[in-house]
Each structure stands twice: as structure tokens, then as C-alpha cells.
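Dumped entry21.cif below, it's mmCIF, N, CA, C and O atoms:
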```cif
data_my_file
loop_
_atom_site.label_atom_id
_atom_site.label_comp_id
_atom_site.auth_asym_id
_atom_site.auth_seq_id
_atom_site.Cartn_x
_atom_site.Cartn_y
_atom_site.Cartn_z
N MET R 1 4.01 22.83 6.73
CA MET R 1 4.65 21.82 5.91
C MET R 1 5.23 22.53 4.68
O MET R 1 4.54 23.29 4.02
N THR R 2 6.48 22.24 4.41
CA THR R 2 7.13 22.84 3.24
C THR R 2 6.69 22.14 1.96
O THR R 2 6.12 21.04 2.01
N ASP R 3 6.98 22.78 0.84
CA ASP R 3 6.65 22.17 -0.45
C ASP R 3 7.40 20.85 -0.63
O ASP R 3 6.85 19.88 -1.17
N GLU R 4 8.63 20.81 -0.16
CA GLU R 4 9.44 19.58 -0.28
C GLU R 4 8.84 18.46 0.57
O GLU R 4 8.74 17.31 0.12
N GLU R 5 8.41 18.79 1.78
CA GLU R 5 7.78 17.78 2.64
C GLU R 5 6.47 17.28 2.05
O GLU R 5 6.18 16.08 2.07
N PHE R 6 5.70 18.21 1.49
CA PHE R 6 4.44 17.82 0.85
C PHE R 6 4.70 16.91 -0.34
O PHE R 6 4.01 15.90 -0.53
N SER R 7 5.70 17.24 -1.12
CA SER R 7 6.05 16.43 -2.29
C SER R 7 6.49 15.04 -1.86
O SER R 7 6.07 14.03 -2.46
N THR R 8 7.29 14.97 -0.82
CA THR R 8 7.75 13.67 -0.31
C THR R 8 6.57 12.85 0.19
O THR R 8 6.44 11.67 -0.12
N MET R 9 5.69 13.49 0.94
CA MET R 9 4.52 12.79 1.46
C MET R 9 3.62 12.31 0.32
O MET R 9 3.10 11.20 0.37
N SER R 10 3.48 13.11 -0.71
CA SER R 10 2.66 12.73 -1.86
C SER R 10 3.20 11.48 -2.54
O SER R 10 2.42 10.62 -2.97
N VAL R 11 4.50 11.36 -2.64
CA VAL R 11 5.11 10.16 -3.22
C VAL R 11 4.78 8.94 -2.36
O VAL R 11 4.39 7.89 -2.88
N PHE R 12 4.90 9.08 -1.05
CA PHE R 12 4.59 7.96 -0.16
C PHE R 12 3.12 7.57 -0.24
O PHE R 12 2.78 6.39 -0.25
N VAL R 13 2.24 8.56 -0.32
CA VAL R 13 0.80 8.27 -0.43
C VAL R 13 0.54 7.52 -1.73
O VAL R 13 -0.20 6.53 -1.75
N HIS R 14 1.14 7.97 -2.81
CA HIS R 14 0.98 7.29 -4.10
C HIS R 14 1.48 5.85 -3.99
O HIS R 14 0.82 4.92 -4.46
N ASP R 15 2.64 5.68 -3.36
CA ASP R 15 3.22 4.34 -3.22
C ASP R 15 2.37 3.43 -2.33
O ASP R 15 2.35 2.22 -2.52
N ALA R 16 1.66 4.01 -1.37
CA ALA R 16 0.78 3.22 -0.50
C ALA R 16 -0.52 2.86 -1.22
O ALA R 16 -1.10 1.81 -0.96
N ARG R 17 -0.95 3.73 -2.11
CA ARG R 17 -2.20 3.46 -2.83
C ARG R 17 -2.09 2.27 -3.77
O ARG R 17 -3.07 1.54 -3.98
N LYS R 18 -0.92 2.08 -4.35
CA LYS R 18 -0.74 0.96 -5.29
C LYS R 18 -1.08 -0.37 -4.63
O LYS R 18 -1.92 -1.12 -5.16
N PRO R 19 -0.47 -0.70 -3.50
CA PRO R 19 -0.83 -1.99 -2.88
C PRO R 19 -2.26 -2.01 -2.36
O PRO R 19 -2.91 -3.05 -2.36
N LEU R 20 -2.78 -0.86 -1.93
CA LEU R 20 -4.18 -0.83 -1.47
C LEU R 20 -5.13 -1.14 -2.63
O LEU R 20 -6.11 -1.87 -2.46
N ASN R 21 -4.84 -0.61 -3.80
CA ASN R 21 -5.66 -0.91 -4.98
C ASN R 21 -5.55 -2.39 -5.34
O ASN R 21 -6.54 -3.03 -5.70
N ARG R 22 -4.34 -2.95 -5.22
CA ARG R 22 -4.13 -4.37 -5.49
C ARG R 22 -4.94 -5.21 -4.51
O ARG R 22 -5.57 -6.20 -4.90
N ILE R 23 -4.96 -4.81 -3.24
CA ILE R 23 -5.73 -5.53 -2.22
C ILE R 23 -7.21 -5.53 -2.59
O ILE R 23 -7.88 -6.56 -2.53
N SER R 24 -7.71 -4.38 -2.99
CA SER R 24 -9.11 -4.26 -3.36
C SER R 24 -9.46 -5.17 -4.54
O SER R 24 -10.47 -5.89 -4.51
N MET R 25 -8.62 -5.16 -5.56
CA MET R 25 -8.88 -6.01 -6.73
C MET R 25 -8.83 -7.49 -6.37
O MET R 25 -9.67 -8.28 -6.82
N GLN R 26 -7.86 -7.87 -5.56
CA GLN R 26 -7.72 -9.27 -5.18
C GLN R 26 -8.87 -9.71 -4.28
O GLN R 26 -9.34 -10.85 -4.35
N ALA R 27 -9.35 -8.81 -3.42
CA ALA R 27 -10.50 -9.14 -2.57
C ALA R 27 -11.73 -9.40 -3.43
O ALA R 27 -12.54 -10.29 -3.11
N GLU R 28 -11.87 -8.67 -4.52
CA GLU R 28 -12.98 -8.91 -5.44
C GLU R 28 -12.88 -10.31 -6.04
O GLU R 28 -13.89 -11.00 -6.22
N LEU R 29 -11.65 -10.75 -6.34
CA LEU R 29 -11.46 -12.11 -6.87
C LEU R 29 -11.86 -13.16 -5.83
O LEU R 29 -12.46 -14.18 -6.17
N VAL R 30 -11.50 -12.92 -4.58
CA VAL R 30 -11.89 -13.85 -3.51
C VAL R 30 -13.41 -13.93 -3.43
O VAL R 30 -13.99 -15.01 -3.34
N LYS R 31 -14.05 -12.78 -3.50
CA LYS R 31 -15.51 -12.74 -3.46
C LYS R 31 -16.11 -13.52 -4.62
O LYS R 31 -17.06 -14.29 -4.45
N MET R 32 -15.53 -13.36 -5.81
CA MET R 32 -16.01 -14.09 -6.98
C MET R 32 -15.83 -15.59 -6.80
O MET R 32 -16.70 -16.39 -7.18
N ALA R 33 -14.72 -15.99 -6.20
CA ALA R 33 -14.46 -17.42 -5.97
C ALA R 33 -15.46 -17.97 -4.96
O ALA R 33 -15.97 -19.09 -5.13
N LEU R 34 -15.77 -17.21 -3.92
CA LEU R 34 -16.75 -17.66 -2.93
C LEU R 34 -18.14 -17.77 -3.53
O LEU R 34 -18.94 -18.60 -3.09
N ASN R 35 -18.42 -16.94 -4.53
CA ASN R 35 -19.70 -17.02 -5.22
C ASN R 35 -19.73 -18.11 -6.28
O ASN R 35 -20.77 -18.35 -6.89
N GLY R 36 -18.59 -18.75 -6.51
CA GLY R 36 -18.52 -19.81 -7.51
C GLY R 36 -18.33 -19.31 -8.94
O GLY R 36 -18.44 -20.08 -9.89
N ASP R 37 -18.03 -18.03 -9.10
CA ASP R 37 -17.84 -17.45 -10.42
C ASP R 37 -16.49 -17.80 -11.04
O ASP R 37 -16.35 -17.78 -12.26
N ILE R 38 -15.49 -18.07 -10.20
CA ILE R 38 -14.16 -18.46 -10.67
C ILE R 38 -13.68 -19.62 -9.80
O ILE R 38 -14.20 -19.84 -8.71
N PRO R 39 -12.67 -20.36 -10.26
CA PRO R 39 -12.19 -21.51 -9.49
C PRO R 39 -11.66 -21.10 -8.11
O PRO R 39 -11.05 -20.04 -7.96
N PRO R 40 -11.87 -21.96 -7.10
CA PRO R 40 -11.40 -21.66 -5.73
C PRO R 40 -9.89 -21.39 -5.65
O PRO R 40 -9.45 -20.61 -4.82
N GLN R 41 -9.12 -22.02 -6.52
CA GLN R 41 -7.66 -21.82 -6.51
C GLN R 41 -7.32 -20.33 -6.71
O GLN R 41 -6.35 -19.84 -6.16
N LYS R 42 -8.14 -19.65 -7.48
CA LYS R 42 -7.91 -18.21 -7.70
C LYS R 42 -8.02 -17.43 -6.40
O LYS R 42 -7.33 -16.43 -6.20
N ALA R 43 -8.88 -17.88 -5.50
CA ALA R 43 -9.02 -17.21 -4.20
C ALA R 43 -7.76 -17.37 -3.38
O ALA R 43 -7.30 -16.41 -2.74
N PHE R 44 -7.17 -18.56 -3.41
CA PHE R 44 -5.92 -18.78 -2.66
C PHE R 44 -4.80 -17.90 -3.21
O PHE R 44 -4.03 -17.30 -2.45
N GLU R 45 -4.73 -17.80 -4.53
CA GLU R 45 -3.72 -16.95 -5.15
C GLU R 45 -3.96 -15.48 -4.79
O GLU R 45 -3.02 -14.75 -4.49
N ALA R 46 -5.23 -15.09 -4.81
CA ALA R 46 -5.57 -13.71 -4.47
C ALA R 46 -5.23 -13.40 -3.01
O ALA R 46 -4.73 -12.31 -2.70
N LEU R 47 -5.47 -14.35 -2.12
CA LEU R 47 -5.15 -14.14 -0.71
C LEU R 47 -3.65 -13.96 -0.50
O LEU R 47 -3.22 -13.12 0.30
N ASP R 48 -2.85 -14.73 -1.22
CA ASP R 48 -1.39 -14.55 -1.14
C ASP R 48 -1.00 -13.14 -1.59
O ASP R 48 -0.15 -12.50 -0.98
N LYS R 49 -1.63 -12.67 -2.65
CA LYS R 49 -1.33 -11.33 -3.16
C LYS R 49 -1.82 -10.26 -2.18
O LYS R 49 -1.16 -9.22 -2.02
N ILE R 50 -2.93 -10.51 -1.52
CA ILE R 50 -3.43 -9.56 -0.51
C ILE R 50 -2.44 -9.45 0.64
O ILE R 50 -2.12 -8.35 1.10
N ILE R 51 -1.93 -10.58 1.10
CA ILE R 51 -0.96 -10.58 2.21
C ILE R 51 0.30 -9.82 1.80
O ILE R 51 0.80 -8.97 2.55
N THR R 52 0.81 -10.09 0.61
CA THR R 52 2.00 -9.41 0.12
C THR R 52 1.76 -7.91 -0.01
O THR R 52 2.60 -7.10 0.41
N SER R 53 0.61 -7.55 -0.55
CA SER R 53 0.29 -6.13 -0.74
C SER R 53 0.12 -5.41 0.60
O SER R 53 0.51 -4.25 0.73
N ALA R 54 -0.46 -6.08 1.57
CA ALA R 54 -0.62 -5.47 2.90
C ALA R 54 0.76 -5.21 3.52
O ALA R 54 0.98 -4.15 4.12
N LYS R 55 1.68 -6.14 3.34
CA LYS R 55 3.05 -5.95 3.84
C LYS R 55 3.73 -4.79 3.11
O LYS R 55 4.43 -3.98 3.72
N ASP R 56 3.53 -4.71 1.77
CA ASP R 56 4.09 -3.61 0.99
C ASP R 56 3.58 -2.27 1.49
O ASP R 56 4.34 -1.32 1.65
N CYS R 57 2.28 -2.20 1.73
CA CYS R 57 1.67 -0.96 2.21
C CYS R 57 2.21 -0.60 3.60
O CYS R 57 2.54 0.55 3.86
N SER R 58 2.31 -1.59 4.46
CA SER R 58 2.84 -1.35 5.80
C SER R 58 4.28 -0.83 5.73
O SER R 58 4.64 0.11 6.45
N ASN R 59 5.07 -1.42 4.87
CA ASN R 59 6.46 -0.97 4.71
C ASN R 59 6.53 0.46 4.19
O ASN R 59 7.34 1.27 4.66
N THR R 60 5.67 0.79 3.23
CA THR R 60 5.64 2.14 2.69
C THR R 60 5.26 3.14 3.78
O THR R 60 5.88 4.20 3.91
N LEU R 61 4.26 2.81 4.58
CA LEU R 61 3.84 3.71 5.66
C LEU R 61 4.93 3.84 6.73
O LEU R 61 5.14 4.94 7.27
N ALA R 62 5.63 2.75 7.02
CA ALA R 62 6.73 2.82 7.98
C ALA R 62 7.85 3.71 7.44
O ALA R 62 8.42 4.53 8.18
N ASP R 63 8.17 3.57 6.15
CA ASP R 63 9.18 4.41 5.53
C ASP R 63 8.77 5.88 5.58
O ASP R 63 9.60 6.76 5.84
N MET R 64 7.49 6.14 5.32
CA MET R 64 6.99 7.51 5.35
C MET R 64 7.12 8.09 6.75
O MET R 64 7.58 9.22 6.92
N THR R 65 6.75 7.31 7.75
CA THR R 65 6.85 7.77 9.13
C THR R 65 8.29 8.11 9.49
O THR R 65 8.57 9.16 10.09
N LEU R 66 9.22 7.23 9.08
CA LEU R 66 10.63 7.47 9.36
C LEU R 66 11.12 8.72 8.64
O LEU R 66 11.75 9.59 9.26
N LYS R 67 10.83 8.82 7.36
CA LYS R 67 11.29 9.97 6.57
C LYS R 67 10.70 11.27 7.08
O LYS R 67 11.41 12.27 7.22
N MET R 68 9.39 11.28 7.35
CA MET R 68 8.76 12.50 7.82
C MET R 68 9.25 12.86 9.23
O MET R 68 9.35 14.03 9.56
N GLY R 69 9.54 11.85 10.04
CA GLY R 69 10.12 12.10 11.37
C GLY R 69 11.49 12.73 11.26
O GLY R 69 11.83 13.63 12.03
N GLU R 70 12.28 12.26 10.30
CA GLU R 70 13.61 12.84 10.07
C GLU R 70 13.48 14.29 9.63
O GLU R 70 14.22 15.16 10.08
N SER R 71 12.51 14.56 8.74
CA SER R 71 12.29 15.93 8.26
C SER R 71 11.88 16.84 9.41
O SER R 71 12.34 17.98 9.50
N ALA R 72 11.02 16.35 10.29
CA ALA R 72 10.58 17.15 11.43
C ALA R 72 11.75 17.43 12.35
O ALA R 72 11.88 18.56 12.87
N SER R 73 12.62 16.44 12.56
CA SER R 73 13.79 16.64 13.42
C SER R 73 14.76 17.64 12.81
O SER R 73 15.32 18.47 13.49
N ASP R 74 14.93 17.52 11.50
CA ASP R 74 15.84 18.44 10.81
C ASP R 74 15.35 19.88 10.89
O ASP R 74 16.12 20.80 11.07
N GLY R 75 14.03 20.07 10.82
CA GLY R 75 13.45 21.39 10.87
C GLY R 75 13.52 22.03 12.25
O GLY R 75 13.58 23.24 12.38
N SER R 76 13.55 21.21 13.30
CA SER R 76 13.56 21.76 14.65
C SER R 76 14.95 22.16 15.10
O SER R 76 15.12 22.85 16.08
N ASP R 77 15.98 21.74 14.34
CA ASP R 77 17.35 22.06 14.72
C ASP R 77 17.79 23.42 14.23
O ASP R 77 18.87 23.88 14.54
N ASP R 78 16.97 24.09 13.44
CA ASP R 78 17.36 25.38 12.85
C ASP R 78 17.45 26.46 13.88
O ASP R 78 16.81 26.63 14.80
#
```

Rewrite the coordinates I just gave you, this time as C-alpha cells.
Amino acid sequence: MTDEEFSTMSVFVHDARKPLNRISMQAELVKMALNGDIPPQKAFEALDKIITSAKDCSNTLADMTLKMGESASDGSDD
């Protein structure tokens, strides 16, 4: 793996971590709502954010796969 490919992959990993961290935080809110620590409405809001964040993460990983696949193809043509 070249330095450029590693750098590109690092950006994608960072971009995937953001929604994963959001999912984790929102799941904690759902847990708190189920325990009665916060209003149930907060759980519904958190679940919407979890769904959105999961889609964001999936899109980031799909973009990474496409970009890294293009890099691999470009490297094999030399």
C-alpha cells in the first residue's frame, strides 16, 4: 500500500468513525429511556439518528470500497 493509499484509507476510516460514535451515543440514550431515566420520546429521536448514522457509515464504506478499488485498478495497469 502506498502512502497516498494509506492516507486516503485513513480519511475514510475517520469519516466512518464519526457516525459509529454517533450510533454509540444515541444507543446510550435509548438505553437510558428504557431505564426510565429520560423521556421515551428521546429514544425515538435517538433511533432516527441511529438509522441516519448507520446509512452515513454504510455510504462512507461504499465510497471507500469504490475509491480503493479504483486505486488498485490504476496500480495494476502500470

query = By how many Å are CA of Asp3 (chain R) and CA of Ala16 (chain R) apart?
reply =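 Between these atoms lies a distance of 19.8 Å.
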
Picked residues, the PyMOL selection byres (((chain R and resi 50 and name CA) around 12) and name CA), expected as a VMD selection string = chain R and resid 18 to 30 43 to 49 51 to 57

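For the file at hand, the PyMOL selection byres (((chain R and resi 4-14 and name CA) around 9) and name CA) resolves to Met1, Thr2, Asp3, Asp15, Ala16, Arg17, Lys18, Thr60, Leu61, Asp63, Met64, Lys67, Met68 and Ser71 of chain R.
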
Write out, as a compact mmCIF listing (two decimals), keeping the file's coordinate frame, the residues just selected, with N, CA, C and O atoms.
```txt
# COMPACT_ATOMS: atom_id res chain seq x y z
N MET R 1 4.01 22.83 6.73
CA MET R 1 4.65 21.82 5.91
C MET R 1 5.23 22.53 4.68
O MET R 1 4.54 23.29 4.02
N THR R 2 6.48 22.24 4.41
CA THR R 2 7.13 22.84 3.24
C THR R 2 6.69 22.14 1.96
O THR R 2 6.12 21.04 2.01
N ASP R 3 6.98 22.78 0.84
CA ASP R 3 6.65 22.17 -0.45
C ASP R 3 7.40 20.85 -0.63
O ASP R 3 6.85 19.88 -1.17
N ASP R 15 2.64 5.68 -3.36
CA ASP R 15 3.22 4.34 -3.22
C ASP R 15 2.37 3.43 -2.33
O ASP R 15 2.35 2.22 -2.52
N ALA R 16 1.66 4.01 -1.37
CA ALA R 16 0.78 3.22 -0.50
C ALA R 16 -0.52 2.86 -1.22
O ALA R 16 -1.10 1.81 -0.96
N ARG R 17 -0.95 3.73 -2.11
CA ARG R 17 -2.20 3.46 -2.83
C ARG R 17 -2.09 2.27 -3.77
O ARG R 17 -3.07 1.54 -3.98
N LYS R 18 -0.92 2.08 -4.35
CA LYS R 18 -0.74 0.96 -5.29
C LYS R 18 -1.08 -0.37 -4.63
O LYS R 18 -1.92 -1.12 -5.16
N THR R 60 5.67 0.79 3.23
CA THR R 60 5.64 2.14 2.69
C THR R 60 5.26 3.14 3.78
O THR R 60 5.88 4.20 3.91
N LEU R 61 4.26 2.81 4.58
CA LEU R 61 3.84 3.71 5.66
C LEU R 61 4.93 3.84 6.73
O LEU R 61 5.14 4.94 7.27
N ASP R 63 8.17 3.57 6.15
CA ASP R 63 9.18 4.41 5.53
C ASP R 63 8.77 5.88 5.58
O ASP R 63 9.60 6.76 5.84
N MET R 64 7.49 6.14 5.32
CA MET R 64 6.99 7.51 5.35
C MET R 64 7.12 8.09 6.75
O MET R 64 7.58 9.22 6.92
N LYS R 67 10.83 8.82 7.36
CA LYS R 67 11.29 9.97 6.57
C LYS R 67 10.70 11.27 7.08
O LYS R 67 11.41 12.27 7.22
N MET R 68 9.39 11.28 7.35
CA MET R 68 8.76 12.50 7.82
C MET R 68 9.25 12.86 9.23
O MET R 68 9.35 14.03 9.56
N SER R 71 12.51 14.56 8.74
CA SER R 71 12.29 15.93 8.26
C SER R 71 11.88 16.84 9.41
O SER R 71 12.34 17.98 9.50
```

Specify the axis-aligned box that encloses all atoms of region 15-20 of chain R listed in the file after padding of 4 Å on each side, stating its centre and edge lengths in Å to one decimal as AutoDock Vina command-line options.
```
--center_x -1.4 --center_y 1.3 --center_z -2.9 --size_x 17.3 --size_y 16.7 --size_z 12.8
```

ask   = What is the distance, in Å and to one decimal place, between CA of Ser58 (chain R) and atom C of Glu70 (chain R)?
value =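 It comes out at 19.3 Å.
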
key: Pairwise distance for atom C of Asn59 (chain R) and atom N of Asp74 (chain R), rounded to one decimal in Å   =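 Distance reported for this atom pair: 20.4 Å.
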
Export region 37-70 of chain R of the preceding structure, keeping N, CA and C atoms, as a tab-separated table (two decimals), in the first residue's frame.
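Output (decode-v5.tsv):
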```tsv
chain	number	residue	atom	x	y	z
R	37	ASP	N	-34.82	6.83	32.69
R	37	ASP	CA	-34.00	7.97	33.09
R	37	ASP	C	-34.29	9.23	32.29
R	38	ILE	N	-34.78	9.06	31.06
R	38	ILE	CA	-35.14	10.19	30.21
R	38	ILE	C	-36.47	9.87	29.53
R	39	PRO	N	-37.16	10.88	29.01
R	39	PRO	CA	-38.46	10.64	28.38
R	39	PRO	C	-38.37	9.68	27.19
R	40	PRO	N	-39.39	8.83	27.00
R	40	PRO	CA	-39.39	7.87	25.88
R	40	PRO	C	-39.23	8.53	24.51
R	41	GLN	N	-39.72	9.76	24.36
R	41	GLN	CA	-39.60	10.46	23.08
R	41	GLN	C	-38.13	10.59	22.66
R	42	LYS	N	-37.26	10.73	23.64
R	42	LYS	CA	-35.82	10.83	23.34
R	42	LYS	C	-35.31	9.56	22.68
R	43	ALA	N	-35.88	8.42	23.05
R	43	ALA	CA	-35.48	7.15	22.43
R	43	ALA	C	-35.86	7.12	20.96
R	44	PHE	N	-37.05	7.62	20.65
R	44	PHE	CA	-37.48	7.65	19.25
R	44	PHE	C	-36.57	8.56	18.42
R	45	GLU	N	-36.22	9.71	18.99
R	45	GLU	CA	-35.32	10.63	18.31
R	45	GLU	C	-33.94	9.98	18.12
R	46	ALA	N	-33.48	9.30	19.16
R	46	ALA	CA	-32.18	8.64	19.09
R	46	ALA	C	-32.19	7.54	18.03
R	47	LEU	N	-33.28	6.79	17.95
R	47	LEU	CA	-33.36	5.72	16.94
R	47	LEU	C	-33.32	6.29	15.53
R	48	ASP	N	-33.97	7.42	15.30
R	48	ASP	CA	-33.88	8.07	13.99
R	48	ASP	C	-32.44	8.45	13.67
R	49	LYS	N	-31.74	8.96	14.66
R	49	LYS	CA	-30.34	9.35	14.46
R	49	LYS	C	-29.46	8.12	14.23
R	50	ILE	N	-29.77	7.03	14.90
R	50	ILE	CA	-29.02	5.79	14.69
R	50	ILE	C	-29.19	5.30	13.26
R	51	ILE	N	-30.41	5.33	12.77
R	51	ILE	CA	-30.68	4.88	11.39
R	51	ILE	C	-29.93	5.76	10.39
R	52	THR	N	-29.99	7.07	10.59
R	52	THR	CA	-29.29	8.00	9.70
R	52	THR	C	-27.78	7.77	9.75
R	53	SER	N	-27.26	7.59	10.95
R	53	SER	CA	-25.82	7.39	11.11
R	53	SER	C	-25.36	6.07	10.50
R	54	ALA	N	-26.18	5.04	10.62
R	54	ALA	CA	-25.84	3.75	10.00
R	54	ALA	C	-25.77	3.89	8.48
R	55	LYS	N	-26.71	4.64	7.91
R	55	LYS	CA	-26.69	4.89	6.46
R	55	LYS	C	-25.45	5.69	6.07
R	56	ASP	N	-25.10	6.71	6.89
R	56	ASP	CA	-23.90	7.50	6.63
R	56	ASP	C	-22.65	6.62	6.63
R	57	CYS	N	-22.56	5.75	7.61
R	57	CYS	CA	-21.41	4.85	7.72
R	57	CYS	C	-21.36	3.90	6.52
R	58	SER	N	-22.50	3.37	6.15
R	58	SER	CA	-22.57	2.47	5.00
R	58	SER	C	-22.12	3.18	3.73
R	59	ASN	N	-22.57	4.40	3.56
R	59	ASN	CA	-22.17	5.18	2.37
R	59	ASN	C	-20.67	5.45	2.37
R	60	THR	N	-20.12	5.78	3.52
R	60	THR	CA	-18.68	6.03	3.62
R	60	THR	C	-17.90	4.77	3.26
R	61	LEU	N	-18.33	3.63	3.77
R	61	LEU	CA	-17.64	2.37	3.47
R	61	LEU	C	-17.78	2.00	1.99
R	62	ALA	N	-18.94	2.27	1.41
R	62	ALA	CA	-19.12	2.00	-0.02
R	62	ALA	C	-18.21	2.90	-0.85
R	63	ASP	N	-18.11	4.18	-0.46
R	63	ASP	CA	-17.22	5.11	-1.15
R	63	ASP	C	-15.76	4.65	-1.04
R	64	MET	N	-15.39	4.18	0.15
R	64	MET	CA	-14.03	3.70	0.37
R	64	MET	C	-13.75	2.50	-0.53
R	65	THR	N	-14.69	1.57	-0.58
R	65	THR	CA	-14.51	0.39	-1.41
R	65	THR	C	-14.33	0.77	-2.88
R	66	LEU	N	-15.16	1.71	-3.34
R	66	LEU	CA	-15.06	2.16	-4.72
R	66	LEU	C	-13.72	2.84	-4.98
R	67	LYS	N	-13.35	3.76	-4.11
R	67	LYS	CA	-12.10	4.51	-4.29
R	67	LYS	C	-10.89	3.59	-4.22
R	68	MET	N	-10.87	2.69	-3.24
R	68	MET	CA	-9.73	1.80	-3.10
R	68	MET	C	-9.67	0.81	-4.27
R	69	GLY	N	-10.84	0.41	-4.77
R	69	GLY	CA	-10.89	-0.46	-5.95
R	69	GLY	C	-10.33	0.24	-7.17
R	70	GLU	N	-10.64	1.53	-7.31
R	70	GLU	CA	-10.10	2.31	-8.42
R	70	GLU	C	-8.59	2.42	-8.30
```
